[in-house]
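A.B. asks: There's a structure below that I have some questions on.
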Amino acid sequence: MTDDDPGPLIRLYGLTGGRARPQGEAFDLVAIVATVHLPQEPSVLNPEHHTILRICRRPTPVADVAAGLGLPLNVTRVLLGDLRREGLVSITPPKPANQSIDERTYRDVLHGIRRL
Amino acid sequence: MEFAGFDRPRPSGGTLTATALKILVAGGFGVGKTTMVGTISEIRPLHTEELLSDRGVGVDDVSGVERKVATTVALDFGRITIRQDLWLYLFGTPGQDRFWFMWDELALGALGAVVLADTRRLADCFPAVDYFEQLKLPFVVAVNCFDGARRHDPGKVRRAVGLDETTPVIMCDARNRSSVKEVLTMLVTHAMEVR
Ligand SMILES: Nc1nc2c(ncn2[C@@H]2O[C@H](COP(=O)(O)OP(=O)(O)O)[C@@H](O)[C@H]2O)c(=O)[nH]1
Ligand SMILES: [Mg+2]
């Protein structure tokens with residue numbers, strides 16, 4: 001830890017209880033997070049957890065969740081891990097490119113880019 | 001702060017059909033990666049400060065606050081909505097060598113990559129070219145024409161970088177939307193052909 005300005009980092013690690021990365025697998029940046037249940041016991045969650053649940057009422061990639069929270073990716077992943085353990089969100093990893101990107105998808109992407 | 005998830009239509013098919021595709025934007029420092037992502041993204045280019053701890057070091061056993069964490073790296077990314085349930089994400093890869101391990105994660109399952117090059121410092125793009133060649137990830141080399149003149153010779157760049165004949169080389173202006181569209185179109189077309 002540097003001496004200069006540890007404040008924000010300490011706050012962030014306070015958020016995750018000192019954990020720098022989630023237990024188990026690291027969620028891919030474009031894994032899709034979806035809120036599947038609302039919490040029974042609100043007090044065990046912090047405000048950031050609630051924000052995630054709100055964002056992910058619409059299925060949202062992990063990178064967008066981090067951006068929406070304004071938090072670093074690894075901190076976001078820890079919080080997502082908490083929510084998944086509580087059964088509140090589902091996190092669907094992306095399929096390998098050769099499965100997720102078929103001919104039609106390529107054409108749709110090309111069309112989408114042209115339309116911009 | 002804008003919640004990126006809020007301005008999006010609800011995917012009709014739920015999570016099962018929602019797909020986010022990745023395109024990487026790589027190249028040396030100052031070559032125009034952040035600019036390119038910002039030019040084409042439908043959202044204000046977002047970046048997340050990444051916190052890095054020493055890799056492989058268990059942190060849960062450290063009492064109190066993690067001690068090793070001191071480094072942040074900005075990871076910028078943008079989004080293009082293709083369909084209600086299909087998004088294209090552009091990730092600018094971190095330039096510094098010590099963040100190479102992040103590339104592996106970014107590249108996993110990616111559709112392809114844009115390697116930005118500057119003819120004044122062409123060698124800066126070699127590491128990215130080597131990396132994507134090794135990974136067999138489809139990529140195009142986009143020469144960012146800082147001087148505005150499109151007088152660079154793609155053939156010369158191809159030889160200087162040592163690219164094979166199939167890898168497209170294109171001139172671009174990272175600040176120009178239609179130019180960036182052209183680059184992405186070329187990448188997707190190329191990826192489609194070689195897959
Ligand atoms: N003249 C010119 N300047 C550019 C172009 N693309 C980027 N720049 C400028 O070059 C600088 C570095 O670009 P940036 O996108 O931050 O590079 P990065 O380090 O690869 O993310 C910025 O000041 C940009 O405004 C371009 O096509 N032409
Ligand atoms: Mg940059």
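Residues in the structure tokens are numbered from 1 in each chain, the chains being A, B, ... in the order shown, and ligands are numbered from 1 in the order shown.
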Which chains and residue numbers are within 7 Å of ligand 2, counting only C-alpha atoms and all ligand atoms, if I want them as a list in words?

C.D. replies: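 Every residue with an atom at most 7 Å from ligand 2 is listed here: Gly30, Gly32, Lys33, Thr34 and Gly92 of chain B.
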
A.B. asks: Distance limit 10 Å, reference ligand 1, atoms considered: only C-alpha atoms and all ligand atoms. Which residues make the cut? Give them as a VMD selection string.

C.D. replies: chain B and resid 25 to 39 74 to 76 92 to 95 116 to 118 143 to 149 171 to 176 179 to 180

A.B. asks: So how far away is CA of Phe77 in chain B from CA of Glu48 in chain A, in Å?

C.D. replies: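 Computing the Euclidean distance for CA of Glu48 in chain A and CA of Phe77 in chain B yields 21.5 Å.
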
A.B. asks: Can you work out the spacing between CA of Glu133 in chain B and CA of Asp108 in chain A in Å, to one decimal?

C.D. replies: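 Spanning CA of Glu133 in chain B to CA of Asp108 in chain A is a straight-line distance of 26.0 Å.
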
A.B. asks: Please provide as an mmCIF file with all heavy atoms, in the first residue's frame all residues within 12 Å of Lys156 in chain B, with the sequence filter that same-chain residues fewer than 5 positions apart are discarded (counting only C-alpha atoms).

C.D. replies:
```cif
data_model
loop_
_atom_site.group_PDB
_atom_site.id
_atom_site.type_symbol
_atom_site.label_atom_id
_atom_site.label_comp_id
_atom_site.auth_asym_id
_atom_site.auth_seq_id
_atom_site.Cartn_x
_atom_site.Cartn_y
_atom_site.Cartn_z
ATOM 1 N N THR B 119 2.682 5.021 -37.976
ATOM 2 C CA THR B 119 3.855 4.752 -38.833
ATOM 3 C C THR B 119 5.136 5.372 -38.282
ATOM 4 O O THR B 119 6.228 4.948 -38.619
ATOM 5 C CB THR B 119 3.641 5.305 -40.259
ATOM 6 O OG1 THR B 119 3.194 6.657 -40.160
ATOM 7 C CG2 THR B 119 2.624 4.472 -41.000
ATOM 8 N N LEU B 122 6.188 2.356 -35.563
ATOM 9 C CA LEU B 122 5.521 1.131 -35.973
ATOM 10 C C LEU B 122 5.804 -0.039 -35.022
ATOM 11 O O LEU B 122 4.938 -0.877 -34.773
ATOM 12 C CB LEU B 122 5.977 0.775 -37.394
ATOM 13 C CG LEU B 122 5.001 0.014 -38.280
ATOM 14 C CD1 LEU B 122 3.627 0.662 -38.280
ATOM 15 C CD2 LEU B 122 5.542 -0.073 -39.705
ATOM 16 N N VAL B 143 -3.907 1.645 -39.428
ATOM 17 C CA VAL B 143 -2.872 2.676 -39.304
ATOM 18 C C VAL B 143 -3.558 4.013 -39.040
ATOM 19 O O VAL B 143 -4.300 4.515 -39.878
ATOM 20 C CB VAL B 143 -2.017 2.757 -40.584
ATOM 21 C CG1 VAL B 143 -0.957 3.852 -40.443
ATOM 22 C CG2 VAL B 143 -1.361 1.407 -40.874
ATOM 23 N N ARG B 151 -1.529 9.022 -46.992
ATOM 24 C CA ARG B 151 -0.515 8.743 -48.003
ATOM 25 C C ARG B 151 0.347 7.525 -47.652
ATOM 26 O O ARG B 151 1.288 7.213 -48.354
ATOM 27 C CB ARG B 151 0.386 9.954 -48.203
ATOM 28 C CG ARG B 151 1.058 10.410 -46.939
ATOM 29 C CD ARG B 151 1.949 11.618 -47.204
ATOM 30 N NE ARG B 151 2.281 12.333 -45.992
ATOM 31 C CZ ARG B 151 3.137 11.887 -45.090
ATOM 32 N NH1 ARG B 151 3.726 10.739 -45.233
ATOM 33 N NH2 ARG B 151 3.397 12.607 -44.002
ATOM 34 N N VAL B 161 5.691 -4.844 -40.789
ATOM 35 C CA VAL B 161 5.199 -5.547 -39.601
ATOM 36 C C VAL B 161 5.350 -7.058 -39.778
ATOM 37 O O VAL B 161 5.310 -7.812 -38.808
ATOM 38 C CB VAL B 161 3.727 -5.160 -39.316
ATOM 39 C CG1 VAL B 161 3.180 -5.858 -38.086
ATOM 40 C CG2 VAL B 161 3.593 -3.648 -39.140
ATOM 41 N N GLY B 162 5.545 -7.497 -41.013
ATOM 42 C CA GLY B 162 5.691 -8.928 -41.266
ATOM 43 C C GLY B 162 4.370 -9.679 -41.196
ATOM 44 O O GLY B 162 4.300 -10.785 -40.675
ATOM 45 N N LEU B 163 3.315 -9.057 -41.722
ATOM 46 C CA LEU B 163 1.994 -9.689 -41.701
ATOM 47 C C LEU B 163 1.846 -10.656 -42.869
ATOM 48 O O LEU B 163 2.446 -10.449 -43.928
ATOM 49 C CB LEU B 163 0.907 -8.617 -41.824
ATOM 50 C CG LEU B 163 0.802 -7.610 -40.699
ATOM 51 C CD1 LEU B 163 -0.204 -6.538 -41.072
ATOM 52 C CD2 LEU B 163 0.414 -8.292 -39.400
ATOM 53 N N VAL B 169 -4.900 -4.684 -43.782
ATOM 54 C CA VAL B 169 -4.289 -3.439 -43.303
ATOM 55 C C VAL B 169 -5.137 -2.302 -43.844
ATOM 56 O O VAL B 169 -5.476 -2.275 -45.027
ATOM 57 C CB VAL B 169 -2.838 -3.288 -43.799
ATOM 58 C CG1 VAL B 169 -2.250 -1.949 -43.337
ATOM 59 C CG2 VAL B 169 -1.971 -4.435 -43.314
ATOM 60 N N ILE B 170 -5.499 -1.383 -42.979
ATOM 61 C CA ILE B 170 -6.383 -0.297 -43.404
ATOM 62 C C ILE B 170 -5.910 1.011 -42.778
ATOM 63 O O ILE B 170 -5.375 1.028 -41.675
ATOM 64 C CB ILE B 170 -7.852 -0.622 -43.002
ATOM 65 C CG1 ILE B 170 -8.825 0.428 -43.537
ATOM 66 C CG2 ILE B 170 -7.993 -0.779 -41.501
ATOM 67 C CD1 ILE B 170 -10.295 0.072 -43.284
#
```

A.B. asks: Pick out the closest residue to Pro59 in chain A from this set: A:Leu71, A:Leu45, A:Val78, A:Val30. Count only C-alpha atoms.

C.D. replies: A:Val30

A.B. asks: Which residues come within 9 Å of Pro96 in chain A, counting only C-alpha atoms, excluding same-chain residues fewer than 2 positions away, as a PyMOL selection string?

C.D. replies: (chain A and resi 94+98-101) or (chain B and resi 108-110)

A.B. asks: Just write the chosen residues, all heavy atoms, as a compact mmCIF listing (two decimals), in the first residue's frame.

C.D. replies:
```txt
# COMPACT_ATOMS: atom_id res chain seq x y z
N PRO A 94 -20.04 -16.29 -21.07
CA PRO A 94 -20.22 -16.28 -22.52
C PRO A 94 -19.84 -17.63 -23.11
O PRO A 94 -18.97 -18.31 -22.60
CB PRO A 94 -19.24 -15.19 -23.00
CG PRO A 94 -18.24 -15.06 -21.91
CD PRO A 94 -18.92 -15.44 -20.64
N ASN A 98 -16.67 -19.56 -31.12
CA ASN A 98 -17.09 -20.35 -32.28
C ASN A 98 -18.50 -20.91 -32.13
O ASN A 98 -19.09 -21.39 -33.08
CB ASN A 98 -16.07 -21.45 -32.59
CG ASN A 98 -15.89 -22.41 -31.42
OD1 ASN A 98 -16.50 -22.23 -30.36
ND2 ASN A 98 -15.08 -23.43 -31.62
N GLN A 99 -19.03 -20.85 -30.89
CA GLN A 99 -20.43 -21.26 -30.70
C GLN A 99 -21.38 -20.08 -30.68
O GLN A 99 -22.50 -20.16 -31.17
CB GLN A 99 -20.58 -22.03 -29.39
CG GLN A 99 -19.95 -23.40 -29.41
CD GLN A 99 -19.98 -24.03 -28.03
OE1 GLN A 99 -20.93 -23.81 -27.27
NE2 GLN A 99 -18.96 -24.79 -27.71
N SER A 100 -20.92 -18.98 -30.08
CA SER A 100 -21.84 -17.85 -29.93
C SER A 100 -21.93 -17.03 -31.22
O SER A 100 -22.90 -16.34 -31.45
CB SER A 100 -21.40 -16.95 -28.77
OG SER A 100 -20.14 -16.38 -29.05
N ILE A 101 -20.89 -17.11 -32.04
CA ILE A 101 -20.89 -16.27 -33.24
C ILE A 101 -21.11 -17.15 -34.47
O ILE A 101 -20.17 -17.71 -35.03
CB ILE A 101 -19.57 -15.48 -33.38
CG1 ILE A 101 -19.13 -14.95 -32.00
CG2 ILE A 101 -19.76 -14.32 -34.35
CD1 ILE A 101 -17.84 -14.16 -32.05
N LEU B 108 -10.19 -13.88 -24.36
CA LEU B 108 -10.94 -15.13 -24.28
C LEU B 108 -12.33 -14.98 -24.90
O LEU B 108 -13.13 -14.18 -24.45
CB LEU B 108 -11.05 -15.56 -22.81
CG LEU B 108 -11.56 -16.98 -22.58
CD1 LEU B 108 -10.47 -17.98 -22.96
CD2 LEU B 108 -11.95 -17.15 -21.12
N GLY B 109 -12.57 -15.73 -25.96
CA GLY B 109 -13.88 -15.70 -26.60
C GLY B 109 -14.15 -14.47 -27.43
O GLY B 109 -15.27 -14.25 -27.86
N ALA B 110 -13.12 -13.65 -27.66
CA ALA B 110 -13.33 -12.41 -28.42
C ALA B 110 -13.61 -12.72 -29.88
O ALA B 110 -13.16 -13.72 -30.42
CB ALA B 110 -12.12 -11.50 -28.29
```

A.B. asks: Find the residues around Arg77 in chain A up to 9 Å (only C-alpha atoms counted), leave out those fewer than 4 positions away in its own chain, and share them as a PyMOL selection string.

C.D. replies: chain A and resi 21-22+26-27+62+66+72-73+81-82

A.B. asks: Determine the nearest neighbour of Ile43 in chain B from the options B:Thr81, B:Phe91, B:Leu24, B:His152, counting only C-alpha atoms.

C.D. replies: B:Thr81

A.B. asks: What is the CA of Cys56 in chain A to CA of Ala113 in chain B distance in Å?

C.D. replies: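 Value for the CA of Cys56 in chain A-CA of Ala113 in chain B distance: 28.0 Å.
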